[in-house]
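One file, my_file-v3.pdb, carrying PDB, C-alpha atoms, pLDDT in the B column:
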ATOM      1  CA  MET G 706      23.095  39.951 -13.161  1.00 40.00           C
ATOM      2  CA  GLY G 707      21.929  36.759 -14.645  1.00 39.00           C
ATOM      3  CA  VAL G 708      21.898  34.922 -11.345  1.00 40.00           C
ATOM      4  CA  ASP G 709      18.606  33.338 -12.232  1.00 45.00           C
ATOM      5  CA  LYS G 710      19.903  31.970 -15.475  1.00 50.00           C
ATOM      6  CA  GLU G 711      20.382  28.218 -15.370  1.00 50.00           C
ATOM      7  CA  SER G 712      23.904  27.018 -16.151  1.00 55.00           C
ATOM      8  CA  PRO G 713      24.417  23.816 -18.142  1.00 57.00           C
ATOM      9  CA  GLN G 714      25.424  22.123 -14.904  1.00 54.00           C
ATOM     10  CA  GLN G 715      22.382  23.402 -13.110  1.00 49.00           C
ATOM     11  CA  ARG G 716      20.180  22.428 -16.016  1.00 51.00           C
ATOM     12  CA  GLU G 717      21.643  18.928 -15.998  1.00 48.00           C
ATOM     13  CA  SER G 718      21.285  18.738 -12.224  1.00 45.00           C
ATOM     14  CA  GLY G 719      17.667  19.794 -12.512  1.00 44.00           C
ATOM     15  CA  GLN G 720      17.044  17.178 -15.142  1.00 44.00           C
ATOM     16  CA  VAL G 721      18.539  14.541 -12.886  1.00 40.00           C
ATOM     17  CA  ALA G 722      16.444  15.743  -9.991  1.00 39.00           C
ATOM     18  CA  ARG G 723      13.300  15.589 -12.093  1.00 40.00           C
ATOM     19  CA  ARG G 724      14.244  12.143 -13.338  1.00 38.00           C
ATOM     20  CA  GLU G 725      14.818  10.950  -9.773  1.00 41.00           C
ATOM     21  CA  GLN G 726      11.526  12.445  -8.752  1.00 42.00           C
ATOM     22  CA  SER G 727       9.738  10.497 -11.450  1.00 44.00           C
ATOM     23  CA  ASP G 728      11.489   7.369 -10.194  1.00 62.00           C
ATOM     24  CA  GLN G 729      10.180   7.731  -6.660  1.00 76.00           C
ATOM     25  CA  MET G 730       9.124   4.391  -5.329  1.00 85.00           C
ATOM     26  CA  ARG G 731       5.411   4.143  -4.690  1.00 85.00           C
ATOM     27  CA  LEU G 732       4.252   0.809  -3.371  1.00 88.00           C
ATOM     28  CA  LEU G 733       1.063  -0.732  -2.081  1.00 85.00           C
ATOM     29  CA  LEU G 734       0.914  -3.650   0.314  1.00 87.00           C
ATOM     30  CA  ILE G 735      -2.252  -5.704   0.133  1.00 84.00           C
ATOM     31  CA  GLY G 736      -3.136  -8.581   2.415  1.00 85.00           C
ATOM     32  CA  ALA G 737      -5.551  -9.901   4.979  1.00 86.00           C
ATOM     33  CA  PRO G 738      -5.506  -8.706   8.573  1.00 85.00           C
ATOM     34  CA  GLY G 739      -2.527 -10.424  10.166  1.00 89.00           C
ATOM     35  CA  ALA G 740      -0.658 -10.885   6.883  1.00 90.00           C
ATOM     36  CA  GLY G 741       2.230  -8.718   8.047  1.00 93.00           C
ATOM     37  CA  LYS G 742       1.559  -5.606   5.995  1.00 92.00           C
ATOM     38  CA  GLY G 743       2.692  -3.261   8.742  1.00 93.00           C
ATOM     39  CA  THR G 744       5.871  -5.207   9.429  1.00 95.00           C
ATOM     40  CA  GLN G 745       6.849  -5.439   5.784  1.00 97.00           C
ATOM     41  CA  ALA G 746       5.906  -1.856   5.013  1.00 96.00           C
ATOM     42  CA  ALA G 747       8.142  -0.616   7.821  1.00 96.00           C
ATOM     43  CA  ARG G 748      11.046  -2.687   6.528  1.00 97.00           C
ATOM     44  CA  LEU G 749      10.556  -1.543   2.946  1.00 96.00           C
ATOM     45  CA  ALA G 750      10.384   2.058   4.072  1.00 95.00           C
ATOM     46  CA  ALA G 751      13.678   1.709   5.930  1.00 95.00           C
ATOM     47  CA  ARG G 752      15.318  -0.206   3.094  1.00 94.00           C
ATOM     48  CA  PHE G 753      14.430   2.252   0.335  1.00 92.00           C
ATOM     49  CA  GLY G 754      14.249   5.471   2.331  1.00 93.00           C
ATOM     50  CA  ILE G 755      10.580   6.075   1.659  1.00 94.00           C
ATOM     51  CA  VAL G 756       7.669   6.942   3.909  1.00 94.00           C
ATOM     52  CA  HIS G 757       5.494   4.272   5.479  1.00 95.00           C
ATOM     53  CA  ILE G 758       1.858   5.314   5.400  1.00 93.00           C
ATOM     54  CA  SER G 759      -0.428   3.029   7.367  1.00 91.00           C
ATOM     55  CA  SER G 760      -4.117   3.640   6.843  1.00 85.00           C
ATOM     56  CA  GLY G 761      -4.816   1.621   9.991  1.00 83.00           C
ATOM     57  CA  ASP G 762      -2.440   3.700  12.112  1.00 87.00           C
ATOM     58  CA  LEU G 763      -3.926   6.908  10.761  1.00 87.00           C
ATOM     59  CA  LEU G 764      -7.432   5.721  11.553  1.00 83.00           C
ATOM     60  CA  ARG G 765      -6.443   4.647  15.055  1.00 84.00           C
ATOM     61  CA  ARG G 766      -4.757   8.011  15.637  1.00 89.00           C
ATOM     62  CA  HIS G 767      -7.938   9.808  14.685  1.00 87.00           C
ATOM     63  CA  VAL G 768      -9.926   7.563  17.020  1.00 88.00           C
ATOM     64  CA  ARG G 769      -7.441   8.046  19.856  1.00 91.00           C
ATOM     65  CA  ASP G 770      -7.425  11.813  19.402  1.00 93.00           C
ATOM     66  CA  ARG G 771     -11.206  11.784  19.174  1.00 91.00           C
ATOM     67  CA  THR G 772     -11.284  13.846  16.043  1.00 89.00           C
ATOM     68  CA  SER G 773     -14.569  14.185  14.228  1.00 87.00           C
ATOM     69  CA  LEU G 774     -13.326  11.639  11.716  1.00 84.00           C
ATOM     70  CA  GLY G 775     -12.224   9.340  14.519  1.00 87.00           C
ATOM     71  CA  GLN G 776     -15.613   9.381  16.141  1.00 85.00           C
ATOM     72  CA  ARG G 777     -17.232   8.533  12.822  1.00 82.00           C
ATOM     73  CA  VAL G 778     -15.024   5.530  12.217  1.00 83.00           C
ATOM     74  CA  LYS G 779     -14.952   4.110  15.758  1.00 86.00           C
ATOM     75  CA  SER G 780     -18.150   2.166  15.386  1.00 75.00           C
ATOM     76  CA  TYR G 781     -16.846   0.504  12.204  1.00 81.00           C
ATOM     77  CA  VAL G 782     -13.501  -0.399  13.758  1.00 73.00           C
ATOM     78  CA  ASP G 783     -15.145  -1.778  16.894  1.00 77.00           C
ATOM     79  CA  GLN G 784     -17.224  -4.113  14.786  1.00 77.00           C
ATOM     80  CA  GLY G 785     -14.313  -5.169  12.606  1.00 71.00           C
ATOM     81  CA  ASP G 786     -15.961  -3.567   9.584  1.00 75.00           C
ATOM     82  CA  LEU G 787     -14.238  -1.519   6.903  1.00 71.00           C
ATOM     83  CA  VAL G 788     -14.209   2.246   7.215  1.00 77.00           C
ATOM     84  CA  PRO G 789     -16.136   4.002   4.407  1.00 77.00           C
ATOM     85  CA  ASP G 790     -14.014   4.649   1.335  1.00 74.00           C
ATOM     86  CA  ALA G 791     -14.525   8.399   1.165  1.00 75.00           C
ATOM     87  CA  VAL G 792     -13.260   8.832   4.722  1.00 79.00           C
ATOM     88  CA  VAL G 793     -10.123   6.825   4.045  1.00 80.00           C
ATOM     89  CA  MET G 794      -9.461   8.709   0.814  1.00 78.00           C
ATOM     90  CA  ASP G 795      -9.683  12.076   2.509  1.00 77.00           C
ATOM     91  CA  MET G 796      -7.448  10.904   5.307  1.00 83.00           C
ATOM     92  CA  LEU G 797      -4.726   9.634   2.961  1.00 83.00           C
ATOM     93  CA  ARG G 798      -4.619  12.516   0.520  1.00 81.00           C
ATOM     94  CA  LYS G 799      -2.332  14.731   2.589  1.00 83.00           C
ATOM     95  CA  PRO G 800       0.304  12.164   3.632  1.00 87.00           C
ATOM     96  CA  VAL G 801       0.517  10.696   0.132  1.00 84.00           C
ATOM     97  CA  LEU G 802       1.145  14.101  -1.401  1.00 82.00           C
ATOM     98  CA  ALA G 803       3.649  14.961   1.304  1.00 87.00           C
ATOM     99  CA  ALA G 804       5.761  11.866   0.644  1.00 87.00           C
ATOM    100  CA  ALA G 805       8.288  13.584  -1.598  1.00 82.00           C
ATOM    101  CA  ASN G 806      10.678  10.646  -1.730  1.00 86.00           C
ATOM    102  CA  GLY G 807       8.047   8.013  -2.328  1.00 89.00           C
ATOM    103  CA  TYR G 808       5.930   5.870  -0.056  1.00 90.00           C
ATOM    104  CA  VAL G 809       4.778   2.415   0.841  1.00 92.00           C
ATOM    105  CA  LEU G 810       1.117   2.348   1.689  1.00 88.00           C
ATOM    106  CA  ASP G 811      -0.384  -0.496   3.660  1.00 88.00           C
ATOM    107  CA  GLY G 812      -4.024  -1.239   4.237  1.00 81.00           C
ATOM    108  CA  PHE G 813      -5.274   0.648   1.202  1.00 76.00           C
ATOM    109  CA  PRO G 814      -6.951   0.084  -1.169  1.00 73.00           C
ATOM    110  CA  ARG G 815      -9.020  -2.568   0.487  1.00 66.00           C
ATOM    111  CA  THR G 816     -12.077  -2.526  -1.681  1.00 60.00           C
ATOM    112  CA  VAL G 817     -12.809  -2.359  -5.380  1.00 57.00           C
ATOM    113  CA  GLU G 818     -14.476   0.995  -4.815  1.00 61.00           C
ATOM    114  CA  GLN G 819     -11.366   2.356  -3.116  1.00 62.00           C
ATOM    115  CA  ALA G 820      -9.210   1.240  -6.020  1.00 64.00           C
ATOM    116  CA  LYS G 821     -11.435   2.872  -8.615  1.00 62.00           C
ATOM    117  CA  ALA G 822     -11.782   6.114  -6.695  1.00 62.00           C
ATOM    118  CA  SER G 823      -8.159   6.358  -5.688  1.00 60.00           C
ATOM    119  CA  TYR G 824      -6.887   5.717  -9.194  1.00 61.00           C
ATOM    120  CA  SER G 825      -8.307   8.915 -10.608  1.00 61.00           C
ATOM    121  CA  VAL G 826      -7.244  10.923  -7.579  1.00 58.00           C
ATOM    122  CA  VAL G 827      -3.639   9.794  -7.374  1.00 60.00           C
ATOM    123  CA  ARG G 828      -3.157  10.001 -11.119  1.00 62.00           C
ATOM    124  CA  ALA G 829      -4.354  13.577 -11.209  1.00 56.00           C
ATOM    125  CA  LEU G 830      -1.917  14.377  -8.437  1.00 53.00           C
ATOM    126  CA  GLY G 831       0.988  12.678 -10.194  1.00 56.00           C
ATOM    127  CA  ALA G 832       1.325  10.093  -7.448  1.00 58.00           C
ATOM    128  CA  GLU G 833       0.591   6.910  -9.316  1.00 64.00           C
ATOM    129  CA  VAL G 834       1.451   3.651  -7.683  1.00 67.00           C
ATOM    130  CA  GLN G 835       4.228   1.649  -9.317  1.00 76.00           C
ATOM    131  CA  ALA G 836       3.710  -1.780  -7.824  1.00 82.00           C
ATOM    132  CA  ALA G 837       1.266  -3.570  -5.593  1.00 82.00           C
ATOM    133  CA  ILE G 838       2.454  -6.435  -3.435  1.00 88.00           C
ATOM    134  CA  HIS G 839       0.039  -9.040  -2.202  1.00 86.00           C
ATOM    135  CA  LEU G 840       1.055 -10.905   0.952  1.00 89.00           C
ATOM    136  CA  ASP G 841      -0.469 -14.358   0.784  1.00 89.00           C
ATOM    137  CA  VAL G 842      -0.844 -16.101   4.147  1.00 91.00           C
ATOM    138  CA  PRO G 843      -2.845 -19.273   4.929  1.00 91.00           C
ATOM    139  CA  ARG G 844      -6.060 -18.622   6.799  1.00 88.00           C
ATOM    140  CA  GLU G 845      -5.098 -20.713   9.815  1.00 89.00           C
ATOM    141  CA  GLU G 846      -1.869 -18.726  10.178  1.00 92.00           C
ATOM    142  CA  LEU G 847      -3.806 -15.461   9.956  1.00 90.00           C
ATOM    143  CA  VAL G 848      -6.134 -16.579  12.740  1.00 89.00           C
ATOM    144  CA  ARG G 849      -3.195 -17.651  14.866  1.00 89.00           C
ATOM    145  CA  ARG G 850      -1.407 -14.330  14.421  1.00 90.00           C
ATOM    146  CA  LEU G 851      -4.484 -12.236  15.093  1.00 87.00           C
ATOM    147  CA  LEU G 852      -5.333 -14.126  18.262  1.00 87.00           C
ATOM    148  CA  ALA G 853      -1.709 -13.908  19.392  1.00 86.00           C
ATOM    149  CA  ARG G 854      -1.773 -10.143  19.138  1.00 80.00           C
ATOM    150  CA  GLY G 855      -3.996 -10.187  22.194  1.00 64.00           C
ATOM    151  CA  ARG G 856      -5.475  -6.770  21.816  1.00 59.00           C
ATOM    152  CA  GLY G 857      -8.267  -7.505  24.266  1.00 54.00           C
ATOM    153  CA  SER G 858     -11.891  -7.956  23.387  1.00 53.00           C
ATOM    154  CA  ASP G 859     -11.354  -6.741  19.832  1.00 58.00           C
ATOM    155  CA  ASP G 860      -9.615  -9.948  18.936  1.00 63.00           C
ATOM    156  CA  THR G 861     -11.924 -12.698  20.051  1.00 76.00           C
ATOM    157  CA  GLU G 862     -12.109 -15.623  17.674  1.00 78.00           C
ATOM    158  CA  ALA G 863     -15.512 -14.474  16.424  1.00 80.00           C
ATOM    159  CA  VAL G 864     -14.218 -10.992  15.591  1.00 80.00           C
ATOM    160  CA  VAL G 865     -11.118 -12.423  13.944  1.00 80.00           C
ATOM    161  CA  GLU G 866     -13.266 -14.631  11.751  1.00 82.00           C
ATOM    162  CA  HIS G 867     -15.443 -11.652  10.911  1.00 82.00           C
ATOM    163  CA  ARG G 868     -12.445  -9.528   9.946  1.00 79.00           C
ATOM    164  CA  LEU G 869     -11.186 -12.234   7.643  1.00 81.00           C
ATOM    165  CA  ARG G 870     -14.617 -12.676   6.105  1.00 83.00           C
ATOM    166  CA  VAL G 871     -14.864  -8.925   5.439  1.00 77.00           C
ATOM    167  CA  TYR G 872     -11.457  -9.036   3.804  1.00 76.00           C
ATOM    168  CA  LEU G 873     -12.368 -11.982   1.598  1.00 74.00           C
ATOM    169  CA  ASP G 874     -15.622 -10.354   0.535  1.00 75.00           C
ATOM    170  CA  ASN G 875     -14.008  -7.028  -0.359  1.00 69.00           C
ATOM    171  CA  THR G 876     -10.352  -7.381  -1.210  1.00 64.00           C
ATOM    172  CA  VAL G 877     -10.263 -10.648  -3.096  1.00 60.00           C
ATOM    173  CA  PRO G 878     -12.486  -9.169  -5.847  1.00 60.00           C
ATOM    174  CA  LEU G 879      -9.971  -6.299  -6.046  1.00 59.00           C
ATOM    175  CA  ARG G 880      -7.154  -8.749  -6.654  1.00 56.00           C
ATOM    176  CA  SER G 881      -9.168 -10.418  -9.404  1.00 56.00           C
ATOM    177  CA  THR G 882      -9.812  -7.069 -11.021  1.00 52.00           C
ATOM    178  CA  THR G 883      -6.174  -6.051 -10.974  1.00 50.00           C
ATOM    179  CA  GLN G 884      -5.026  -9.353 -12.406  1.00 49.00           C
ATOM    180  CA  ALA G 885      -7.459  -9.433 -15.297  1.00 41.00           C
ATOM    181  CA  GLY G 886      -6.378  -9.972 -18.866  1.00 37.00           C
ATOM    182  CA  ASN G 887      -2.656 -10.204 -19.420  1.00 35.00           C
ATOM    183  CA  GLY G 888      -1.915  -9.720 -15.758  1.00 37.00           C
ATOM    184  CA  CYS G 889      -1.540  -5.989 -16.024  1.00 37.00           C
ATOM    185  CA  SER G 890      -3.728  -3.886 -13.840  1.00 39.00           C
ATOM    186  CA  PRO G 891      -6.507  -1.845 -15.415  1.00 34.00           C
ATOM    187  CA  SER G 892      -6.679   0.342 -12.332  1.00 34.00           C
ATOM    188  CA  MET G 893      -4.439   2.062  -9.837  1.00 33.00           C
ATOM    189  CA  VAL G 894      -1.961  -0.748  -9.484  1.00 33.00           C
ATOM    190  CA  ALA G 895      -1.100  -0.445 -13.148  1.00 30.00           C
ATOM    191  CA  ALA G 896       2.544   0.466 -13.249  1.00 30.00           C
ATOM    192  CA  ARG G 897       3.365   3.593 -15.178  1.00 32.00           C
ATOM    193  CA  ARG G 898       6.931   2.507 -15.735  1.00 34.00           C
ATOM    194  CA  MET G 899       7.183  -0.904 -14.195  1.00 35.00           C
ATOM    195  CA  PRO G 900       5.697  -3.954 -15.891  1.00 36.00           C
ATOM    196  CA  CYS G 901       2.862  -5.876 -14.364  1.00 37.00           C
ATOM    197  CA  THR G 902       3.517  -9.464 -13.506  1.00 40.00           C
ATOM    198  CA  ARG G 903       1.423 -12.367 -12.520  1.00 39.00           C
ATOM    199  CA  THR G 904       3.350 -14.633 -10.226  1.00 38.00           C
ATOM    200  CA  SER G 905       2.348 -17.562  -8.131  1.00 35.00           C
TER
ATOM    201  CA  MET E 812       0.591  -6.779  -8.748  1.00 74.00           C
ATOM    202  CA  PHE E 813       2.679  -9.657  -7.560  1.00 84.00           C
ATOM    203  CA  THR E 814       2.087 -12.139  -4.794  1.00 88.00           C
ATOM    204  CA  VAL E 815       4.597 -13.306  -2.227  1.00 93.00           C
ATOM    205  CA  ASP E 816       4.297 -16.029   0.360  1.00 95.00           C
ATOM    206  CA  GLY E 817       3.759 -14.097   3.567  1.00 95.00           C
ATOM    207  CA  GLY E 818       3.488 -17.118   5.803  1.00 94.00           C
ATOM    208  CA  GLY E 819       7.193 -17.438   6.502  1.00 93.00           C
ATOM    209  CA  PRO E 820       9.604 -15.518   8.732  1.00 95.00           C
ATOM    210  CA  ALA E 821       9.500 -11.744   8.309  1.00 96.00           C
ATOM    211  CA  ASP E 822      13.141 -11.590   7.167  1.00 97.00           C
ATOM    212  CA  ALA E 823      12.550 -14.085   4.375  1.00 97.00           C
ATOM    213  CA  VAL E 824       9.360 -12.363   3.262  1.00 97.00           C
ATOM    214  CA  HIS E 825      11.176  -9.022   3.163  1.00 97.00           C
ATOM    215  CA  GLU E 826      14.008 -10.367   1.023  1.00 97.00           C
ATOM    216  CA  ASP E 827      11.493 -11.969  -1.338  1.00 97.00           C
ATOM    217  CA  ILE E 828       9.683  -8.654  -1.781  1.00 96.00           C
ATOM    218  CA  VAL E 829      12.923  -6.737  -2.347  1.00 95.00           C
ATOM    219  CA  THR E 830      14.049  -9.252  -4.955  1.00 94.00           C
ATOM    220  CA  ARG E 831      10.767  -8.917  -6.832  1.00 93.00           C
ATOM    221  CA  ILE E 832      10.897  -5.129  -6.731  1.00 91.00           C
ATOM    222  CA  GLN E 833      14.471  -5.088  -8.005  1.00 88.00           C
ATOM    223  CA  LYS E 834      13.542  -7.417 -10.851  1.00 88.00           C
ATOM    224  CA  LEU E 835      10.692  -5.130 -11.827  1.00 83.00           C
ATOM    225  CA  ALA E 836      12.963  -2.112 -11.665  1.00 78.00           C
ATOM    226  CA  SER E 837      15.681  -3.683 -13.783  1.00 78.00           C
ATOM    227  CA  PHE E 838      13.132  -4.875 -16.326  1.00 74.00           C
ATOM    228  CA  SER E 839      11.692  -1.384 -16.503  1.00 68.00           C
ATOM    229  CA  ALA E 840      15.113   0.179 -16.919  1.00 69.00           C
ATOM    230  CA  SER E 841      15.955  -2.121 -19.802  1.00 71.00           C
ATOM    231  CA  SER E 842      12.671  -1.598 -21.644  1.00 65.00           C
TER
END

Please express what this file holds, its structure, as structure tokens.
Amino acid sequence: MGVDKESPQQRESGQVARREQSDQMRLLLIGAPGAGKGTQAARLAARFGIVHISSGDLLRRHVRDRTSLGQRVKSYVDQGDLVPDAVVMDMLRKPVLAAANGYVLDGFPRTVEQAKASYSVVRALGAEVQAAIHLDVPREELVRRLLARGRGSDDTEAVVEHRLRVYLDNTVPLRSTTQAGNGCSPSMVAARRMPCTRTS
Amino acid sequence: MFTVDGGGPADAVHEDIVTRIQKLASFSASS
């Protein structure tokens, strides 16, 4: 009956759909604890109609639900340390692949190792990131915001300082790596279609 | 990767990010 045969209109429609799919917005938000990644990610998700994937929220959900993964990461979170890269990668794989219309991911990658590992994974899955956005906030403002959150004993001044120190030790090298050379990223933040920029 | 000043009000930070993204998108479309 020929019902499976693609008409010119259908073929054109399919081409448009594939083109739109390749234009899905895939963003990363990078910044210190307290920089506003969650706030901005939520707004970007609403603005562009994409999914907000928060690595922190996912980790906390696993801890709250006392999953095997959650129990493994609880000791790291309690100390303000970073969760091991492999655990975060496994946790993010499913939601990233499920985000058919694109996504904004906050809180990942946080380390150079995460960036290197995630690059090969997301590229193989056809889910390359198009742009990474670094939220730059003065240290004193970060401390103020984190203390103001008042999440109990987790956010004493000593823990806040520790969290910021962990961030500086791990994420700042990542930023240097991604801004090497002409400003274009050699790793996962390299835009497949969008240009890299170095802005102040 | 681009950097935005995240120390200001959330609304202003959001608009700054959107502007940067749109510039990247328009540059990409024209190249």

| task | Would you translate the ChimeraX specification (/G :<7) & /E into the concrete set of residues it matches in this file, as a PyMOL selection string? | result | chain E and resi 812-818+825+835-836+839

| request: Work out how far atom CA of G:Glu862 is from atom CA of E:Gly819, in Å to one decimal. | output: 22.4 Å

| task | Give as a ChimeraX atom specification the residues that the PyMOL selection byres ((chain G and resi 868) around 9) matches when applied to the coordinates above. | result | /G:737-738,784-787,863-867,869-873

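Comparing G:Arg854, G:Asp783, G:Ala750, G:Arg771 by their smallest distance to E:Val829, the closest is G:Ala750 (using all atoms listed in the file).
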
| query | What does the distance from atom CA of G:Val756 to atom CA of G:Tyr808 come to in Å, to one decimal? | reply |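 Going from atom CA of G:Val756 over to atom CA of G:Tyr808 covers 4.5 Å.
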
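When atom CA of E:Ile832 is paired with atom CA of G:Met794, their separation reads 25.7 Å.
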
| message | For the provided coordinates, the residues matched by the PyMOL selection byres ((chain G and resi 757-770) around 8) should be stated as a ChimeraX atom specification. | response | /G:743,746-747,750,755-756,771-776,778-779,793,796-797,800-801,808-813

Box for stretch 797-815 of chain G: with edges along x, y and z, all listed atoms inside and 3 Å added on each side, what are the centre and edge lengths in Å to one decimal, as JSON?
{"center_x": 0.8, "center_y": 6.2, "center_z": 1.0, "size_x": 25.7, "size_y": 23.5, "size_z": 12.6}
